[in-house]
file run.cif (mmCIF, C-alpha atoms)
data_protein
loop_
_atom_site.label_atom_id
_atom_site.label_comp_id
_atom_site.auth_asym_id
_atom_site.auth_seq_id
_atom_site.Cartn_x
_atom_site.Cartn_y
_atom_site.Cartn_z
CA MET A 1 120.62 64.96 49.95
CA ALA A 2 117.67 62.63 49.70
CA GLY A 3 119.35 60.18 52.05
CA THR A 4 119.29 62.54 55.00
CA PRO A 5 116.04 62.64 56.92
CA LEU A 6 114.07 65.81 57.54
CA SER A 7 114.53 67.39 60.91
CA VAL A 8 111.11 68.49 61.97
CA SER A 9 109.98 70.72 64.77
CA VAL A 10 106.38 71.32 65.70
CA VAL A 11 106.19 74.48 67.75
CA ALA A 12 103.30 76.11 69.59
CA ALA A 13 103.33 79.65 70.93
CA ASP A 14 104.43 78.77 74.43
CA HIS A 15 106.19 75.49 74.05
CA GLU A 16 107.83 73.07 71.70
CA VAL A 17 105.47 70.24 70.88
CA TRP A 18 107.73 67.80 69.14
CA THR A 19 111.14 67.72 67.52
CA GLY A 20 112.85 64.90 65.77
CA GLU A 21 113.60 63.35 62.46
CA ALA A 22 111.09 62.23 59.93
CA SER A 23 111.21 60.83 56.44
CA MET A 24 108.00 62.49 55.27
CA VAL A 25 105.71 65.28 56.37
CA VAL A 26 102.18 65.68 55.10
CA ALA A 27 100.37 68.89 55.98
CA ARG A 28 97.24 70.63 54.87
CA THR A 29 97.83 74.12 53.58
CA VAL A 30 95.19 76.57 52.43
CA GLU A 31 95.80 75.38 48.89
CA GLY A 32 95.51 71.72 49.67
CA GLU A 33 97.52 68.90 51.08
CA ILE A 34 101.24 68.94 50.59
CA GLY A 35 103.75 66.20 51.12
CA ILE A 36 107.33 67.05 51.87
CA LEU A 37 110.20 64.67 51.34
CA PRO A 38 113.87 65.29 52.03
CA GLY A 39 115.38 67.65 49.51
CA HIS A 40 112.28 69.77 49.11
CA GLU A 41 112.86 73.30 47.94
CA PRO A 42 112.56 76.14 50.47
CA MET A 43 108.95 77.00 51.04
CA LEU A 44 106.64 78.99 53.24
CA ALA A 45 103.01 77.98 53.34
CA ILE A 46 100.00 78.89 55.41
CA LEU A 47 98.44 75.94 57.14
CA ALA A 48 94.75 75.34 57.09
CA LYS A 49 93.25 74.01 60.27
CA GLY A 50 93.90 70.34 60.37
CA GLU A 51 96.35 67.65 61.17
CA VAL A 52 99.95 67.26 60.21
CA ARG A 53 101.07 63.72 59.58
CA LEU A 54 104.66 62.74 60.09
CA THR A 55 106.26 59.51 58.98
CA LEU A 56 109.23 58.93 61.20
CA THR A 57 112.49 57.44 60.05
CA ASP A 58 111.64 54.07 61.56
CA GLY A 59 108.40 53.97 59.62
CA SER A 60 106.04 54.76 62.48
CA LYS A 61 103.47 57.52 62.12
CA LEU A 62 102.73 60.54 64.23
CA THR A 63 99.91 63.04 63.95
CA ALA A 64 99.79 66.54 65.31
CA ASN A 65 96.99 69.06 65.29
CA ALA A 66 97.93 72.56 64.28
CA GLU A 67 95.74 75.60 64.25
CA ASP A 68 96.38 78.86 62.42
CA GLY A 69 100.00 78.45 61.72
CA PHE A 70 102.42 78.09 58.91
CA LEU A 71 104.95 75.69 57.58
CA SER A 72 108.44 76.51 56.53
CA VAL A 73 110.88 74.24 54.76
CA GLU A 74 114.51 75.10 54.40
CA LYS A 75 117.46 72.78 53.83
CA ASN A 76 115.68 69.72 55.16
CA VAL A 77 114.57 71.63 58.22
CA VAL A 78 110.82 71.71 58.52
CA SER A 79 109.18 73.96 61.07
CA ILE A 80 105.50 73.75 61.73
CA VAL A 81 104.58 76.80 63.73
CA ALA A 82 101.12 77.31 65.13
CA GLY A 83 99.47 79.43 67.78
CA ALA A 84 98.04 76.27 69.21
CA ALA A 85 99.43 72.86 68.42
CA SER A 86 99.22 69.49 70.08
CA LEU A 87 100.06 65.91 69.41
CA ALA A 88 97.11 63.75 68.57
CA SER A 89 97.29 60.45 70.32
CA MET B 90 113.83 103.03 132.54
CA ALA B 91 111.81 99.89 132.05
CA ALA B 92 109.83 101.85 129.47
CA THR B 93 112.79 102.25 127.07
CA LEU B 94 113.51 98.57 127.44
CA ARG B 95 109.97 97.75 126.43
CA VAL B 96 110.12 100.08 123.44
CA TYR B 97 113.25 98.40 122.13
CA THR B 98 111.76 94.95 122.58
CA GLN B 99 108.72 96.07 120.64
CA LYS B 100 110.83 97.44 117.80
CA ILE B 101 112.84 94.23 117.57
CA LYS B 102 109.62 92.21 117.43
CA SER B 103 108.21 94.32 114.63
CA ALA B 104 111.45 94.11 112.63
CA GLN B 105 111.42 90.35 113.07
CA THR B 106 107.85 90.05 111.79
CA THR B 107 108.65 92.23 108.78
CA LYS B 108 111.68 90.11 108.07
CA LYS B 109 109.57 86.95 108.11
CA ILE B 110 107.27 88.45 105.48
CA THR B 111 110.00 89.81 103.22
CA LYS B 112 111.94 86.55 103.50
CA ALA B 113 108.88 84.60 102.40
CA MET B 114 108.29 86.98 99.48
CA GLU B 115 111.91 86.67 98.48
CA LEU B 116 111.65 82.89 98.36
CA ILE B 117 108.39 82.99 96.43
CA ALA B 118 109.89 85.40 93.87
CA ALA B 119 113.00 83.23 93.56
CA SER B 120 110.92 80.19 92.71
CA ARG B 121 108.83 82.17 90.25
CA ILE B 122 111.87 83.49 88.39
CA GLN B 123 112.77 79.94 87.47
CA LYS B 124 109.31 79.32 86.08
CA ALA B 125 109.17 82.64 84.25
CA GLN B 126 112.58 82.05 82.72
CA ALA B 127 111.54 78.59 81.63
CA ARG B 128 108.56 80.13 79.88
CA VAL B 129 110.74 82.68 78.10
CA LYS B 130 112.89 79.79 76.98
CA ALA B 131 109.93 77.68 75.90
CA SER B 132 108.57 80.45 73.71
CA ALA B 133 111.95 80.95 72.02
CA PRO B 134 111.59 78.28 69.28
CA TYR B 135 108.30 79.81 68.19
CA SER B 136 109.56 83.36 67.93
CA ARG B 137 112.74 82.16 66.29
CA ALA B 138 110.85 80.26 63.63
CA ILE B 139 108.53 83.18 63.00
CA THR B 140 111.35 85.70 62.88
CA ARG B 141 113.20 83.60 60.35
CA ALA B 142 110.13 83.27 58.22
CA VAL B 143 109.30 86.97 58.39
CA SER B 144 112.81 88.01 57.46
CA ALA B 145 112.71 85.51 54.62
CA VAL B 146 109.55 86.99 53.19
CA ALA B 147 110.55 90.56 53.87
CA THR B 148 113.96 90.27 52.26
CA LEU B 149 113.20 87.88 49.45
CA SER B 150 110.03 89.25 48.04
CA ASN B 151 109.33 92.72 46.84
CA VAL B 152 105.82 92.84 48.13
CA ASP B 153 104.77 96.21 49.40
CA HIS B 154 102.99 95.59 52.61
CA PRO B 155 101.70 98.39 54.84
CA LEU B 156 103.29 96.74 57.85
CA THR B 157 106.78 96.79 56.41
CA THR B 158 106.86 100.08 54.54
CA GLU B 159 107.73 103.27 56.31
CA PRO B 160 104.96 105.85 56.00
CA GLU B 161 105.97 109.26 54.67
CA ARG B 162 104.90 111.07 57.78
CA ILE B 163 104.21 109.60 61.17
CA THR B 164 101.47 111.60 62.82
CA ARG B 165 100.59 109.36 65.72
CA THR B 166 102.55 106.80 67.69
CA ALA B 167 101.16 104.18 70.01
CA VAL B 168 103.34 103.45 73.02
CA VAL B 169 102.66 100.16 74.80
CA VAL B 170 103.92 100.17 78.38
CA PHE B 171 104.49 96.84 80.12
CA SER B 172 104.40 97.33 83.89
CA SER B 173 103.44 94.92 86.65
CA ASP B 174 100.28 94.43 88.66
CA ARG B 175 101.98 94.58 92.02
CA GLY B 176 104.63 96.75 93.54
CA LEU B 177 107.34 95.75 96.01
CA ALA B 178 109.72 95.31 93.14
CA GLY B 179 112.20 98.10 93.70
CA ALA B 180 112.62 100.41 90.75
CA PHE B 181 110.90 98.02 88.34
CA ASN B 182 107.79 100.07 87.65
CA SER B 183 109.25 103.51 88.16
CA GLN B 184 112.07 102.87 85.68
CA ILE B 185 109.68 101.63 83.02
CA LEU B 186 107.35 104.59 83.53
CA ARG B 187 110.27 106.99 83.40
CA GLU B 188 111.48 105.38 80.18
CA ALA B 189 108.00 105.67 78.70
CA GLY B 190 107.76 109.29 79.81
CA GLU B 191 111.07 110.19 78.21
CA LEU B 192 110.08 108.43 75.02
CA THR B 193 106.77 110.26 74.94
CA GLU B 194 108.51 113.58 75.32
CA LEU B 195 110.98 112.73 72.57
CA LEU B 196 108.20 111.71 70.20
CA ARG B 197 106.22 114.86 71.00
CA GLU B 198 109.30 116.94 70.21
CA GLN B 199 109.41 115.25 66.83
CA GLY B 200 105.90 116.51 66.26
CA LYS B 201 104.18 113.17 66.73
CA ASP B 202 101.02 112.62 68.64
CA VAL B 203 101.38 109.94 71.30
CA VAL B 204 98.71 107.57 72.56
CA HIS B 205 99.27 105.05 75.33
CA TYR B 206 98.29 101.43 75.79
CA LEU B 207 98.98 100.08 79.24
CA VAL B 208 99.67 96.61 80.53
CA GLY B 209 99.67 96.10 84.30
CA ARG B 210 97.87 97.75 87.17
CA LYS B 211 100.80 99.94 88.19
CA ALA B 212 100.98 101.79 84.90
CA VAL B 213 97.23 102.34 84.96
CA GLY B 214 97.42 103.72 88.50
CA TYR B 215 100.24 106.05 87.50
CA PHE B 216 98.32 107.41 84.51
CA GLN B 217 95.05 107.76 86.37
CA PHE B 218 96.65 109.58 89.28
CA ARG B 219 98.19 112.09 86.90
CA ARG B 220 94.99 112.30 84.89
CA ARG B 221 96.76 111.35 81.70
CA PRO B 222 94.66 109.74 79.04
CA PHE B 223 95.25 106.23 77.74
CA VAL B 224 93.42 104.25 75.12
CA LYS B 225 93.22 100.80 76.59
CA ASP B 226 94.61 98.78 79.44
CA TRP B 227 95.10 95.14 80.35
CA GLN B 228 95.36 94.27 84.02
CA GLY B 229 95.73 91.23 86.18
CA GLY B 230 97.84 88.92 84.08
CA THR B 231 101.37 90.23 84.33
CA ASP B 232 102.68 87.60 86.73
CA LYS B 233 101.79 84.77 84.44
CA PRO B 234 101.13 86.14 80.96
CA ASP B 235 99.05 84.01 78.66
CA PHE B 236 99.05 83.97 74.91
CA GLU B 237 95.41 85.01 74.69
CA THR B 238 96.20 88.40 76.20
CA ALA B 239 99.07 88.85 73.78
CA ARG B 240 96.69 88.10 70.94
CA GLU B 241 94.15 90.58 72.26
CA ILE B 242 96.77 93.30 72.56
CA SER B 243 98.08 92.71 69.07
CA GLU B 244 94.57 92.70 67.62
CA THR B 245 93.81 96.02 69.28
CA LEU B 246 97.06 97.49 68.02
CA LEU B 247 96.63 96.24 64.48
CA GLU B 248 93.13 97.61 64.41
CA ALA B 249 94.43 101.02 65.42
CA PHE B 250 97.20 100.67 62.88
CA SER B 251 94.86 99.89 60.03
CA LYS B 252 92.88 103.07 60.65
CA ASP B 253 93.84 106.35 59.04
CA ALA B 254 95.66 108.86 61.19
CA ALA B 255 92.80 111.28 60.62
CA ASP B 256 90.34 108.81 62.16
CA GLY B 257 92.48 108.31 65.23
CA GLY B 258 94.64 105.52 63.86
CA VAL B 259 98.34 105.17 64.54
CA ASP B 260 101.29 104.94 62.15
CA GLU B 261 103.88 103.59 64.52
CA ILE B 262 103.83 101.18 67.44
CA VAL B 263 106.50 101.12 70.11
CA LEU B 264 106.85 98.68 73.01
CA VAL B 265 108.45 99.67 76.30
CA PHE B 266 109.27 96.81 78.64
CA ASN B 267 111.81 95.57 81.15
CA ARG B 268 114.17 93.02 79.70
CA PHE B 269 115.44 90.29 81.96
CA VAL B 270 119.21 90.51 81.66
CA SER B 271 120.22 88.62 84.77
CA MET B 272 119.05 88.06 88.32
CA MET B 273 120.60 91.39 89.26
CA THR B 274 119.90 93.52 86.21
CA GLN B 275 116.68 94.34 84.45
CA THR B 276 116.96 97.06 81.86
CA PRO B 277 114.09 99.01 80.36
CA GLU B 278 113.98 98.56 76.63
CA THR B 279 112.22 100.30 73.77
CA VAL B 280 111.39 98.34 70.65
CA ARG B 281 109.71 99.70 67.59
CA LEU B 282 107.22 97.13 66.45
CA ILE B 283 105.70 98.65 63.34
CA PRO B 284 106.91 99.70 60.79
CA LEU B 285 108.89 96.56 60.98
CA GLU B 286 112.54 96.37 61.77
CA VAL B 287 112.96 92.66 61.59
CA VAL B 288 115.14 91.48 64.42
CA GLU B 289 117.45 88.70 63.40
CA ALA B 290 117.12 85.53 65.38
CA ASP B 291 120.01 84.04 67.30
CA GLU B 292 123.40 85.11 66.03
CA ASN B 293 124.89 81.68 66.59
CA ASP B 294 122.90 80.44 63.66
CA THR B 295 125.88 80.06 61.36
CA THR B 296 124.55 77.24 59.25
CA SER B 297 122.79 79.48 56.80
CA ASP B 298 124.26 82.87 56.06
CA VAL B 299 122.26 83.44 52.94
CA LEU B 300 118.56 82.90 53.02
CA PRO B 301 117.54 80.53 50.26
CA LEU B 302 115.01 81.33 47.60
CA TYR B 303 111.60 80.59 48.93
CA GLU B 304 108.48 79.32 47.33
CA PHE B 305 105.33 80.79 48.78
CA GLU B 306 102.02 79.15 49.06
CA PRO B 307 99.56 80.53 48.07
CA ASP B 308 101.62 83.68 47.32
CA ALA B 309 104.05 86.00 49.05
CA GLU B 310 101.48 88.66 49.77
CA THR B 311 98.99 86.34 51.44
CA VAL B 312 101.73 84.70 53.43
CA LEU B 313 102.92 88.10 54.60
CA ASP B 314 99.37 89.10 55.46
CA GLN B 315 99.05 86.08 57.70
CA LEU B 316 102.53 86.07 59.05
CA LEU B 317 102.92 89.61 60.26
CA PRO B 318 100.10 89.63 62.80
CA VAL B 319 101.49 86.37 64.14
CA TYR B 320 104.92 87.90 64.31
CA ILE B 321 103.60 90.89 66.21
CA GLU B 322 101.72 88.61 68.57
CA SER B 323 104.86 86.69 69.28
CA ARG B 324 106.86 89.87 69.88
CA ILE B 325 104.25 91.13 72.31
CA PHE B 326 104.06 87.78 74.05
CA ASN B 327 107.83 87.76 74.32
CA ALA B 328 107.81 91.25 75.83
CA MET B 329 105.21 90.13 78.37
CA LEU B 330 107.23 87.08 79.36
CA GLN B 331 110.42 89.09 79.63
CA SER B 332 108.67 91.65 81.75
CA ALA B 333 107.25 88.95 84.03
CA ALA B 334 110.65 87.36 84.54
CA ALA B 335 112.20 90.77 85.17
CA LYS B 336 109.47 91.62 87.67
CA HIS B 337 110.13 88.49 89.70
CA ALA B 338 113.85 89.13 89.65
CA ALA B 339 113.30 92.72 90.77
CA THR B 340 110.99 91.57 93.56
CA GLN B 341 113.52 89.06 94.73
CA LYS B 342 116.25 91.69 94.80
CA ALA B 343 114.08 94.22 96.61
CA MET B 344 112.90 91.68 99.17
CA LYS B 345 116.42 90.46 99.76
CA SER B 346 117.62 93.95 100.62
CA ALA B 347 114.54 94.45 102.80
CA SER B 348 115.37 91.29 104.75
CA ASP B 349 118.97 92.41 105.08
CA ASN B 350 117.86 95.79 106.35
CA ALA B 351 115.57 94.11 108.87
CA ASP B 352 118.57 92.09 110.04
CA THR B 353 120.65 95.21 110.64
CA LEU B 354 117.76 96.84 112.46
CA ILE B 355 117.37 93.81 114.71
CA THR B 356 121.08 93.81 115.59
CA ASP B 357 121.09 97.54 116.26
CA TYR B 358 118.03 97.43 118.48
CA THR B 359 119.32 94.38 120.33
CA ARG B 360 122.51 96.31 121.17
CA LEU B 361 120.47 99.28 122.37
CA ARG B 362 118.20 97.06 124.41
CA ASN B 363 121.16 95.36 126.10
CA ASN B 364 122.59 98.77 126.84
CA ALA B 365 119.35 99.92 128.38
CA ARG B 366 119.03 96.77 130.46
CA GLN B 367 122.59 97.11 131.70
CA ALA B 368 121.98 100.76 132.58
CA GLU B 369 118.89 99.76 134.52
CA ILE B 370 120.78 97.10 136.50
CA THR B 371 123.62 99.52 137.24
CA GLN B 372 121.14 102.06 138.48
CA GLN B 373 119.41 99.54 140.72
CA ILE B 374 122.72 98.49 142.24
CA ALA B 375 123.64 102.10 142.80
CA GLU B 376 120.29 102.70 144.48
CA ILE B 377 120.68 99.68 146.76
CA VAL B 378 124.25 100.59 147.67
CA GLY B 379 123.17 104.18 148.31
CA GLY B 380 120.27 102.98 150.46
CA VAL B 381 122.46 100.68 152.54
CA ASP B 382 124.97 103.49 153.05
CA ALA B 383 122.24 105.86 154.15
CA LEU B 384 120.85 103.30 156.61
CA ALA B 385 124.34 102.58 158.00
CA THR B 386 125.10 106.26 158.65
CA SER B 387 121.70 106.93 160.24
CA LYS B 388 122.27 104.25 162.90
#

call {"tool": "encode", "arguments": {"input": "run.cif", "output": "structure tokens"}}
result
Amino acid sequence: MAGTPLSVSVVAADHEVWTGEASMVVARTVEGEIGILPGHEPMLAILAKGEVRLTLTDGSKLTANAEDGFLSVEKNVVSIVAGAASLAS
Amino acid sequence: MAATLRVYTQKIKSAQTTKKITKAMELIAASRIQKAQARVKASAPYSRAITRAVSAVATLSNVDHPLTTEPERITRTAVVVFSSDRGLAGAFNSQILREAGELTELLREQGKDVVHYLVGRKAVGYFQFRRRPFVKDWQGGTDKPDFETAREISETLLEAFSKDAADGGVDEIVLVFNRFVSMMTQTPETVRLIPLEVVEADENDTTSDVLPLYEFEPDAETVLDQLLPVYIESRIFNAMLQSAAAKHAATQKAMKSASDNADTLITDYTRLRNNARQAEITQQIAEIVGGVDALATSK
């Protein structure tokens, strides 16, 4: 289970921002920062305003801004859903 | 004689001009359908993700939330009608207004009070002309709906929902909109928004039949509190996008048949004009022949 990467999708209201595989996702929820690795238990969390950091399978990093959204994890599928989301360059 | 000829020529000209306009509108609508459909498609991942999450919370937690529980008695229902800003779309607006009218009657028979929220200039015009009251309207953005409007609508509705029925609040919210089925068919659809009947996302999602046990952060109730307004926003936005795509498809269909009709008119009038011209020539020949004969006999 831990060998398979997470398949992540970052979705805004009117378009898909990014989809792909990542080995780690770090997001800021209302409770604090959370890191998600493959094999994480199913979860639904409310995101605080802030950035979501993705570590891709090849080790490179990617940051996305997400505003009033939530994060759901289920069977290595991570969805970051926000009313407004964009990739930070 | 020359007068009838002129009349026919005039009629052909006017039909040709009309055809030029309707043809252009048809092409514009055709190109807009593509864009509108692409937007419906682009918003799909969002609503799918939200729907999954909402059904997860709703089925896996036993939180009593006002948005999900059925009230004992529904005294007032809000009906949201999604029409378009412009006409020239065949039965698009009339079918949605008829659907809304029938629904209103049905709800009134059930003893519920009905209040209307209108989207699109056509619905507003219809209600104003008949002097029917409505609570609020949104105009001008039906061709290219934006998320901000959807948010505004959902905020207004939730505010009305959170009020008590005695203070003019509503207990039920229903959406009436045209669903884009195909280029040829747009069907009016009625969806009850609140109390929630969670619509399952795509059926082809066979990978997970049973929803797993979820962990909620901070807790199920807060998540639900945050999630449901977002869910409603996304449903409303989806209805707006569907309605926009359906409107363009309806316009294209209507304009296509208008162009076709103009074509038939042009052919018909051309035949008549040729007839008239031929009759005129025949008459002139007859007159000349008659004149020559008369001159010949008088000599």

call {"tool": "residues_around", "arguments": {"input": "run.cif", "residues": "segment 309-320 of chain B", "least_positions_apart": "5", "cutoff": "10 Å", "atoms": "all atoms listed in the file", "output": "VMD selection string"}}
result
(chain A and resid 13 44 to 46 68 to 70 82 to 83) or (chain B and resid 135 to 140 142 to 143 146 to 147 149 to 157 240 243 to 244 246 to 247 282 to 283 285 287 303 to 304 325 to 326)

call {"tool": "atom_distance", "arguments": {"input": "run.cif", "atom1": "atom CA of Glu188 of chain B", "atom2": "atom CA of Val208 of chain B"}}
result
14.7 Å

call {"tool": "closest_residue", "arguments": {"input": "run.cif", "among": "B:Leu186, B:Leu330, B:Ile110, B:Ala167", "to": "chain A", "atoms": "only C-alpha atoms"}}
result
B:Leu330

call {"tool": "interface_residues", "arguments": {"input": "run.cif", "of": "chain A", "to": "chain B", "cutoff": "10 Å", "atoms": "all atoms listed in the file", "output": "PyMOL selection string"}}
result
chain A and resi 9-16+29-32+41-47+68-75+78-84

call {"tool": "residues_around", "arguments": {"input": "run.cif", "residues": "Ser86 of chain A", "least_positions_apart": "3", "cutoff": "7 Å", "atoms": "all atoms listed in the file", "output": "ChimeraX atom specification"}}
result
/A:17,64-66

call {"tool": "write_last_selection", "arguments": {"input": "run.cif", "atoms": "C-alpha atoms", "output": "PDB file, in the coordinates of the input"}}
result
ATOM      1  CA  VAL A  17     105.470  70.240  70.880  1.00  0.00           C
ATOM      2  CA  ALA A  64      99.790  66.540  65.310  1.00  0.00           C
ATOM      3  CA  ASN A  65      96.990  69.060  65.290  1.00  0.00           C
ATOM      4  CA  ALA A  66      97.930  72.560  64.280  1.00  0.00           C
TER       5      ALA A  66
END

call {"tool": "atom_distance", "arguments": {"input": "run.cif", "atom1": "atom CA of Ser172 of chain B", "atom2": "atom CA of Thr340 of chain B"}}
result
13.0 Å

call {"tool": "closest_residue", "arguments": {"input": "run.cif", "among": "B:Gln217, B:Ser103, B:Thr193, B:Ser387", "to": "Thr279 of chain B", "atoms": "all atoms listed in the file"}}
result
B:Thr193

call {"tool": "residues_around", "arguments": {"input": "run.cif", "residues": "Ala333 of chain B", "least_positions_apart": "2", "cutoff": "9 Å", "atoms": "all atoms listed in the file", "output": "ChimeraX atom specification"}}
result
/B:122,125-126,172-173,231-234,267,269,328-331,335-338

call {"tool": "atom_distance", "arguments": {"input": "run.cif", "atom1": "atom CA of Ser348 of chain B", "atom2": "atom CA of Lys108 of chain B"}}
result
5.1 Å

call {"tool": "residues_near_point", "arguments": {"input": "run.cif", "point": "(117.2, 66.2, 53.2)", "cutoff": "9 Å", "atoms": "all atoms listed in the file", "output": "list in words"}}
result
Met1, Ala2, Gly3, Thr4, Pro5, Leu6, Ser7, Ser23, Leu37, Pro38, Gly39, His40, Lys75, Asn76 and Val77 of chain A

call {"tool": "residues_around", "arguments": {"input": "run.cif", "residues": "Gln184 of chain B", "least_positions_apart": "5", "cutoff": "9 Å", "atoms": "only C-alpha atoms", "output": "PyMOL selection string"}}
result
chain B and resi 189+267+276-277

call {"tool": "resolve_selection", "arguments": {"input": "run.cif", "expression": "the PyMOL selection byres ((chain B and resi 159) around 6)", "output": "VMD selection string"}}
result
chain B and resid 158 160 284

call {"tool": "resolve_selection", "arguments": {"input": "run.cif", "expression": "the PyMOL selection byres ((chain A and resi 49-58) around 7)", "output": "PDB file with C-alpha atoms, in the frame of the given file"}}
result
ATOM      1  CA  GLU A  21     113.600  63.350  62.460  1.00  0.00           C
ATOM      2  CA  ALA A  22     111.090  62.230  59.930  1.00  0.00           C
ATOM      3  CA  SER A  23     111.210  60.830  56.440  1.00  0.00           C
ATOM      4  CA  MET A  24     108.000  62.490  55.270  1.00  0.00           C
ATOM      5  CA  VAL A  25     105.710  65.280  56.370  1.00  0.00           C
ATOM      6  CA  VAL A  26     102.180  65.680  55.100  1.00  0.00           C
ATOM      7  CA  ALA A  27     100.370  68.890  55.980  1.00  0.00           C
ATOM      8  CA  ARG A  28      97.240  70.630  54.870  1.00  0.00           C
ATOM      9  CA  LEU A  47      98.440  75.940  57.140  1.00  0.00           C
ATOM     10  CA  ALA A  48      94.750  75.340  57.090  1.00  0.00           C
ATOM     11  CA  GLY A  59     108.400  53.970  59.620  1.00  0.00           C
ATOM     12  CA  SER A  60     106.040  54.760  62.480  1.00  0.00           C
ATOM     13  CA  LYS A  61     103.470  57.520  62.120  1.00  0.00           C
ATOM     14  CA  LEU A  62     102.730  60.540  64.230  1.00  0.00           C
ATOM     15  CA  THR A  63      99.910  63.040  63.950  1.00  0.00           C
ATOM     16  CA  ALA A  64      99.790  66.540  65.310  1.00  0.00           C
ATOM     17  CA  ASN A  65      96.990  69.060  65.290  1.00  0.00           C
ATOM     18  CA  ALA A  66      97.930  72.560  64.280  1.00  0.00           C
ATOM     19  CA  GLU A  67      95.740  75.600  64.250  1.00  0.00           C
ATOM     20  CA  ASP A  68      96.380  78.860  62.420  1.00  0.00           C
TER      21      ASP A  68
END

call {"tool": "resolve_selection", "arguments": {"input": "run.cif", "expression": "the PyMOL selection byres ((chain B and resi 180) around 10)", "output": "ChimeraX atom specification"}}
result
/B:176-179,181-186,275,336,339-340,343

call {"tool": "build_atoms", "arguments": {"input": "run.cif", "residues": "segment 230-246 of chain B", "atoms": "N, CA and C atoms", "output": "CSV table (one decimal), in the frame of the given file"}}
result
chain,number,residue,atom,x,y,z
B,230,GLY,N,97.2,90.1,84.6
B,230,GLY,CA,97.8,88.9,84.1
B,230,GLY,C,99.3,89.0,83.9
B,231,THR,N,100.0,90.0,84.6
B,231,THR,CA,101.4,90.2,84.3
B,231,THR,C,102.3,89.2,85.0
B,232,ASP,N,101.8,88.6,86.1
B,232,ASP,CA,102.7,87.6,86.7
B,232,ASP,C,102.8,86.3,85.9
B,233,LYS,N,101.8,86.0,85.2
B,233,LYS,CA,101.8,84.8,84.4
B,233,LYS,C,101.1,85.0,83.1
B,234,PRO,N,101.8,85.7,82.2
B,234,PRO,CA,101.1,86.1,81.0
B,234,PRO,C,100.6,85.0,80.1
B,235,ASP,N,99.5,85.1,79.6
B,235,ASP,CA,99.0,84.0,78.7
B,235,ASP,C,99.0,84.5,77.2
B,236,PHE,N,99.0,83.6,76.3
B,236,PHE,CA,99.0,84.0,74.9
B,236,PHE,C,97.8,84.7,74.4
B,237,GLU,N,96.7,84.4,75.1
B,237,GLU,CA,95.4,85.0,74.7
B,237,GLU,C,95.5,86.5,74.8
B,238,THR,N,96.1,87.0,76.0
B,238,THR,CA,96.2,88.4,76.2
B,238,THR,C,97.1,89.0,75.1
B,239,ALA,N,98.2,88.3,74.8
B,239,ALA,CA,99.1,88.8,73.8
B,239,ALA,C,98.3,89.0,72.5
B,240,ARG,N,97.5,88.0,72.2
B,240,ARG,CA,96.7,88.1,70.9
B,240,ARG,C,95.7,89.3,71.0
B,241,GLU,N,95.1,89.5,72.1
B,241,GLU,CA,94.2,90.6,72.3
B,241,GLU,C,94.9,91.9,72.1
B,242,ILE,N,96.0,92.1,72.7
B,242,ILE,CA,96.8,93.3,72.6
B,242,ILE,C,97.1,93.5,71.1
B,243,SER,N,97.6,92.5,70.4
B,243,SER,CA,98.1,92.7,69.1
B,243,SER,C,96.9,93.0,68.2
B,244,GLU,N,95.8,92.4,68.4
B,244,GLU,CA,94.6,92.7,67.6
B,244,GLU,C,94.2,94.2,67.8
B,245,THR,N,94.2,94.6,69.0
B,245,THR,CA,93.8,96.0,69.3
B,245,THR,C,94.8,97.0,68.6
B,246,LEU,N,96.1,96.6,68.6
B,246,LEU,CA,97.1,97.5,68.0
B,246,LEU,C,96.9,97.5,66.5
